[in-house]
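Enquirer: Structure provided below as structure tokens; questions to follow.
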Amino acid sequence: MDRTMDGEICSWIIEFLVRHSADEMLVKKLIQAVPRLSGNARLNKTLLLHSIKSEIVAGKVSEKILDHLEMIEAIDRSQRLTIPDSMKQAYCAVALECTAKYLAGSVDRKGKYLDAVKRIWRGRIENLEKSNASKLVSEELRSRRRQVEAALADKDAGNVLITTNTRNDAILTVKAYVREALRLMGLPFLEKQCNLILEREYGSGSGAVQE
């Protein structure tokens with residue numbers, strides 16, 4: 001069997017296990033043991049979605065999720081896929097939480113909050129806007145940028161952010177996006193092939209695995 005076929009089969013197995021295994025430690029070891037297949041967009045997207053899901057399950061809302069969403073969006077654009085609204089909403093909610101979480105402890109609106117505004121909104125997001133390529137930039141994202149900027153000088157604007165449960169919003173929107181992304185991807189390739197074989201051999205009532 002040639003190396004190309006080995007890599008292809010390997011990607012099918014990894015995708016299936018990442019999507020279905022309840023053993024998170026096994027999945028982590030598998031991902032670490034097998035080199036990333038750079039040319040396999042579907043597998044890379046699956047791994048990125050899994051990483052995002054793991055972060056959320058652990059109760060973490062970090063800029064790592066922003067990184068992963070940007071990478072997934074780049075993959076989707078390269079595949080000419082539509083960027084779902086749920087992805088834009090998740091990106092916006094995570095960016096807001098990664099900024100607003102520093103506000104309550106920032107008496108003069110400087111320190112970590114200002115650093116986050118510069119890093120996320122004036123850096124990362126401004127660069128996305130300037131690129132004119134990313135579909136993650138939405139009107140909601142622009143509106144949130146105005147809000148976080150206003151909170152630097154306006155105490156009332158800052159209090160609105162402080163009293164908003166941005167963390168919960170981020171977790172819920174990210175979960176919604178991951179669910180939709182996996183649904184749009186459909187069943188893992190290996191599972192599809194197994195289901196086709198079972199249907200061919202035993203008919204549609206074969207008890208195929210469903211997501």
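By convention here, the chains of the structure tokens are called A, B, ... in the order presented, each chain's residues are numbered starting at 1, and ligands are numbered starting at 1 in the order presented.
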Pull the closest atom pair for each residue of stretch 49-89 of chain A that gets at most 8 Å from stretch 94-107 of chain A, along with the distance in Å to one decimal, counting only C-alpha atoms, ordering rows by chain and then ascending residue number, as a Markdown table.
Expert:
```
| residue | atom | partner | partner_atom | distance |
| --- | --- | --- | --- | --- |
| A:Val61 | CA | A:Val94 | CA | 6.6 |
| A:Ser62 | CA | A:Cys98 | CA | 6.2 |
| A:Glu63 | CA | A:Cys98 | CA | 6.6 |
| A:Ile65 | CA | A:Val94 | CA | 7.5 |
| A:Leu66 | CA | A:Val94 | CA | 7.0 |
```
Enquirer: Selection from above, C-alpha atoms, as a tab-separated table (two decimals), in the first residue's frame, can you write it?
Expert:
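Contents of part39.tsv, freshly written:
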```
chain	number	residue	atom	x	y	z
A	61	VAL	CA	-13.12	30.74	26.80
A	62	SER	CA	-9.76	31.89	25.50
A	63	GLU	CA	-8.14	33.53	22.52
A	65	ILE	CA	-10.72	29.62	20.26
A	66	LEU	CA	-10.40	32.78	18.16
```
Enquirer: Using only C-alpha atoms, which protein or nucleic acid residues come within 10 Å of A:Arg142? Drop anything in the same chain fewer than 5 positions from it, and give the result as a ChimeraX atom specification.
Expert: /A:92,121,125-126,129,137,147
Enquirer: Using DSSP on the backbone coordinates, identify all residues within stretch 85-127 of chain A classified as alpha helix (DSSP H); present the result as a PDB file with N, CA and C atoms, in the first residue's frame.
Expert:
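This is the output file result_35.pdb:
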```pdb
ATOM      1  N   ASP A  85     -23.788  31.932  10.009  1.00  0.00           N
ATOM      2  CA  ASP A  85     -23.953  33.025  10.970  1.00  0.00           C
ATOM      3  C   ASP A  85     -23.538  32.593  12.372  1.00  0.00           C
ATOM      4  N   SER A  86     -23.759  31.318  12.692  1.00  0.00           N
ATOM      5  CA  SER A  86     -23.407  30.826  14.030  1.00  0.00           C
ATOM      6  C   SER A  86     -21.909  30.951  14.291  1.00  0.00           C
ATOM      7  N   MET A  87     -21.104  30.840  13.242  1.00  0.00           N
ATOM      8  CA  MET A  87     -19.657  30.980  13.393  1.00  0.00           C
ATOM      9  C   MET A  87     -19.287  32.438  13.666  1.00  0.00           C
ATOM     10  N   LYS A  88     -19.920  33.345  12.946  1.00  0.00           N
ATOM     11  CA  LYS A  88     -19.672  34.771  13.158  1.00  0.00           C
ATOM     12  C   LYS A  88     -20.090  35.179  14.568  1.00  0.00           C
ATOM     13  N   GLN A  89     -21.225  34.650  15.012  1.00  0.00           N
ATOM     14  CA  GLN A  89     -21.720  34.964  16.352  1.00  0.00           C
ATOM     15  C   GLN A  89     -20.785  34.412  17.424  1.00  0.00           C
ATOM     16  N   ALA A  90     -20.281  33.201  17.203  1.00  0.00           N
ATOM     17  CA  ALA A  90     -19.362  32.590  18.165  1.00  0.00           C
ATOM     18  C   ALA A  90     -18.070  33.395  18.253  1.00  0.00           C
ATOM     19  N   TYR A  91     -17.550  33.793  17.106  1.00  0.00           N
ATOM     20  CA  TYR A  91     -16.309  34.567  17.078  1.00  0.00           C
ATOM     21  C   TYR A  91     -16.484  35.881  17.833  1.00  0.00           C
ATOM     22  N   CYS A  92     -17.588  36.557  17.574  1.00  0.00           N
ATOM     23  CA  CYS A  92     -17.870  37.833  18.221  1.00  0.00           C
ATOM     24  C   CYS A  92     -18.014  37.660  19.731  1.00  0.00           C
ATOM     25  N   ALA A  93     -18.752  36.639  20.142  1.00  0.00           N
ATOM     26  CA  ALA A  93     -18.997  36.411  21.570  1.00  0.00           C
ATOM     27  C   ALA A  93     -17.708  36.070  22.317  1.00  0.00           C
ATOM     28  N   VAL A  94     -16.846  35.279  21.688  1.00  0.00           N
ATOM     29  CA  VAL A  94     -15.577  34.912  22.329  1.00  0.00           C
ATOM     30  C   VAL A  94     -14.663  36.133  22.430  1.00  0.00           C
ATOM     31  N   ALA A  95     -14.606  36.921  21.367  1.00  0.00           N
ATOM     32  CA  ALA A  95     -13.777  38.133  21.387  1.00  0.00           C
ATOM     33  C   ALA A  95     -14.239  39.078  22.495  1.00  0.00           C
ATOM     34  N   LEU A  96     -15.553  39.202  22.650  1.00  0.00           N
ATOM     35  CA  LEU A  96     -16.096  40.087  23.685  1.00  0.00           C
ATOM     36  C   LEU A  96     -15.758  39.571  25.078  1.00  0.00           C
ATOM     37  N   GLU A  97     -15.940  38.269  25.303  1.00  0.00           N
ATOM     38  CA  GLU A  97     -15.639  37.694  26.618  1.00  0.00           C
ATOM     39  C   GLU A  97     -14.156  37.796  26.947  1.00  0.00           C
ATOM     40  N   CYS A  98     -13.304  37.574  25.951  1.00  0.00           N
ATOM     41  CA  CYS A  98     -11.856  37.631  26.182  1.00  0.00           C
ATOM     42  C   CYS A  98     -11.385  39.048  26.507  1.00  0.00           C
ATOM     43  N   THR A  99     -12.250  40.024  26.269  1.00  0.00           N
ATOM     44  CA  THR A  99     -11.948  41.415  26.609  1.00  0.00           C
ATOM     45  C   THR A  99     -12.654  41.822  27.899  1.00  0.00           C
ATOM     46  N   ALA A 100     -13.957  41.580  27.942  1.00  0.00           N
ATOM     47  CA  ALA A 100     -14.784  42.046  29.062  1.00  0.00           C
ATOM     48  C   ALA A 100     -14.390  41.422  30.398  1.00  0.00           C
ATOM     49  N   LYS A 112      -4.927  45.302  32.101  1.00  0.00           N
ATOM     50  CA  LYS A 112      -5.232  44.135  31.269  1.00  0.00           C
ATOM     51  C   LYS A 112      -6.387  44.389  30.303  1.00  0.00           C
ATOM     52  N   TYR A 113      -7.354  45.213  30.721  1.00  0.00           N
ATOM     53  CA  TYR A 113      -8.480  45.494  29.823  1.00  0.00           C
ATOM     54  C   TYR A 113      -8.002  46.249  28.591  1.00  0.00           C
ATOM     55  N   LEU A 114      -7.231  47.278  28.793  1.00  0.00           N
ATOM     56  CA  LEU A 114      -6.707  48.047  27.662  1.00  0.00           C
ATOM     57  C   LEU A 114      -5.812  47.175  26.788  1.00  0.00           C
ATOM     58  N   ASP A 115      -5.013  46.330  27.426  1.00  0.00           N
ATOM     59  CA  ASP A 115      -4.154  45.412  26.667  1.00  0.00           C
ATOM     60  C   ASP A 115      -4.997  44.502  25.772  1.00  0.00           C
ATOM     61  N   ALA A 116      -6.119  44.012  26.326  1.00  0.00           N
ATOM     62  CA  ALA A 116      -6.999  43.124  25.552  1.00  0.00           C
ATOM     63  C   ALA A 116      -7.651  43.864  24.394  1.00  0.00           C
ATOM     64  N   GLU A 126      -8.972  44.245  13.736  1.00  0.00           N
ATOM     65  CA  GLU A 126      -8.700  45.304  12.758  1.00  0.00           C
ATOM     66  C   GLU A 126      -7.963  44.740  11.543  1.00  0.00           C
ATOM     67  N   ASN A 127      -7.057  43.803  11.789  1.00  0.00           N
ATOM     68  CA  ASN A 127      -6.337  43.168  10.677  1.00  0.00           C
ATOM     69  C   ASN A 127      -7.280  42.341   9.802  1.00  0.00           C
TER      70      ASN A 127
END
```
Enquirer: Near stretch 41-45 of chain A, within 7 Å and counting only C-alpha atoms, which residues show up once chain neighbours fewer than 3 positions away are dropped, as a PyMOL selection string?
Expert: chain A and resi 11+15+48-49+72+75
Enquirer: As an exercise, work out the distance from atom CA of A:Ile9 to atom CA of A:Glu191 in Å and give it to one decimal place.
Expert: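 Between atom CA of A:Ile9 and atom CA of A:Glu191 the gap works out to 12.4 Å.
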Enquirer: Within 12 Å of A:Glu180, counting only C-alpha atoms, which residues show up once you throw out same-chain ones fewer than 2 positions away? Write them as a PyMOL selection string, please.
Expert: chain A and resi 49+83-87+90+173-178+182-186
Enquirer: Keeping N, CA and C atoms, export the residues of the selection given above as a PDB file, in the first residue's frame.
Expert:
```pdb
ATOM      1  N   LEU A  49     -12.269  21.714  15.403  1.00  0.00           N
ATOM      2  CA  LEU A  49     -13.575  21.711  16.072  1.00  0.00           C
ATOM      3  C   LEU A  49     -13.510  20.934  17.379  1.00  0.00           C
ATOM      4  N   ILE A  83     -19.895  30.641   5.104  1.00  0.00           N
ATOM      5  CA  ILE A  83     -19.571  30.819   6.514  1.00  0.00           C
ATOM      6  C   ILE A  83     -20.881  31.034   7.266  1.00  0.00           C
ATOM      7  N   PRO A  84     -21.267  30.107   8.143  1.00  0.00           N
ATOM      8  CA  PRO A  84     -22.566  30.227   8.821  1.00  0.00           C
ATOM      9  C   PRO A  84     -22.605  31.385   9.815  1.00  0.00           C
ATOM     10  N   ASP A  85     -23.788  31.932  10.009  1.00  0.00           N
ATOM     11  CA  ASP A  85     -23.953  33.025  10.970  1.00  0.00           C
ATOM     12  C   ASP A  85     -23.538  32.593  12.372  1.00  0.00           C
ATOM     13  N   SER A  86     -23.759  31.318  12.692  1.00  0.00           N
ATOM     14  CA  SER A  86     -23.407  30.826  14.030  1.00  0.00           C
ATOM     15  C   SER A  86     -21.909  30.951  14.291  1.00  0.00           C
ATOM     16  N   MET A  87     -21.104  30.840  13.242  1.00  0.00           N
ATOM     17  CA  MET A  87     -19.657  30.980  13.393  1.00  0.00           C
ATOM     18  C   MET A  87     -19.287  32.438  13.666  1.00  0.00           C
ATOM     19  N   ALA A  90     -20.281  33.201  17.203  1.00  0.00           N
ATOM     20  CA  ALA A  90     -19.362  32.590  18.165  1.00  0.00           C
ATOM     21  C   ALA A  90     -18.070  33.395  18.253  1.00  0.00           C
ATOM     22  N   THR A 173     -22.934  30.250  22.405  1.00  0.00           N
ATOM     23  CA  THR A 173     -22.811  30.474  20.958  1.00  0.00           C
ATOM     24  C   THR A 173     -21.766  29.557  20.329  1.00  0.00           C
ATOM     25  N   VAL A 174     -20.696  29.280  21.058  1.00  0.00           N
ATOM     26  CA  VAL A 174     -19.675  28.364  20.531  1.00  0.00           C
ATOM     27  C   VAL A 174     -20.241  26.951  20.427  1.00  0.00           C
ATOM     28  N   LYS A 175     -20.969  26.525  21.441  1.00  0.00           N
ATOM     29  CA  LYS A 175     -21.601  25.199  21.389  1.00  0.00           C
ATOM     30  C   LYS A 175     -22.537  25.096  20.186  1.00  0.00           C
ATOM     31  N   ALA A 176     -23.313  26.151  19.965  1.00  0.00           N
ATOM     32  CA  ALA A 176     -24.260  26.152  18.841  1.00  0.00           C
ATOM     33  C   ALA A 176     -23.515  26.062  17.514  1.00  0.00           C
ATOM     34  N   TYR A 177     -22.408  26.792  17.409  1.00  0.00           N
ATOM     35  CA  TYR A 177     -21.637  26.741  16.166  1.00  0.00           C
ATOM     36  C   TYR A 177     -21.046  25.358  15.926  1.00  0.00           C
ATOM     37  N   VAL A 178     -20.436  24.776  16.956  1.00  0.00           N
ATOM     38  CA  VAL A 178     -19.810  23.457  16.797  1.00  0.00           C
ATOM     39  C   VAL A 178     -20.847  22.421  16.366  1.00  0.00           C
ATOM     40  N   LEU A 182     -20.553  20.492  12.703  1.00  0.00           N
ATOM     41  CA  LEU A 182     -20.482  19.032  12.591  1.00  0.00           C
ATOM     42  C   LEU A 182     -21.658  18.486  11.786  1.00  0.00           C
ATOM     43  N   ARG A 183     -22.818  19.098  11.969  1.00  0.00           N
ATOM     44  CA  ARG A 183     -23.988  18.663  11.195  1.00  0.00           C
ATOM     45  C   ARG A 183     -23.774  18.908   9.705  1.00  0.00           C
ATOM     46  N   LEU A 184     -23.230  20.070   9.374  1.00  0.00           N
ATOM     47  CA  LEU A 184     -22.991  20.400   7.972  1.00  0.00           C
ATOM     48  C   LEU A 184     -21.914  19.508   7.352  1.00  0.00           C
ATOM     49  N   MET A 185     -20.958  19.071   8.164  1.00  0.00           N
ATOM     50  CA  MET A 185     -19.908  18.182   7.664  1.00  0.00           C
ATOM     51  C   MET A 185     -20.451  16.788   7.375  1.00  0.00           C
ATOM     52  N   GLY A 186     -21.527  16.426   8.065  1.00  0.00           N
ATOM     53  CA  GLY A 186     -22.086  15.098   7.879  1.00  0.00           C
ATOM     54  C   GLY A 186     -21.303  14.045   8.645  1.00  0.00           C
TER      55      GLY A 186
END
```
Enquirer: Please indicate the distance in Å from atom CA of A:Cys10 to atom CA of A:Leu187, rounded to one decimal place.
Expert: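 For atom CA of A:Cys10 relative to atom CA of A:Leu187, the distance reads 16.4 Å.
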Enquirer: List as a PyMOL selection string the protein and nucleic acid residues near A:Ala151, meaning an atom at most 10 Å away when only C-alpha atoms are counted, but skip any in the same chain fewer than 3 places from it.
Expert: chain A and resi 100+103+109+113-114+145-148+154-162
Enquirer: For the atom pair atom CA of A:Met25 and atom CA of A:Lys60, what is the interatomic distance in Å to one decimal place?
Expert: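 Here the two named atoms are 17.9 Å from each other.
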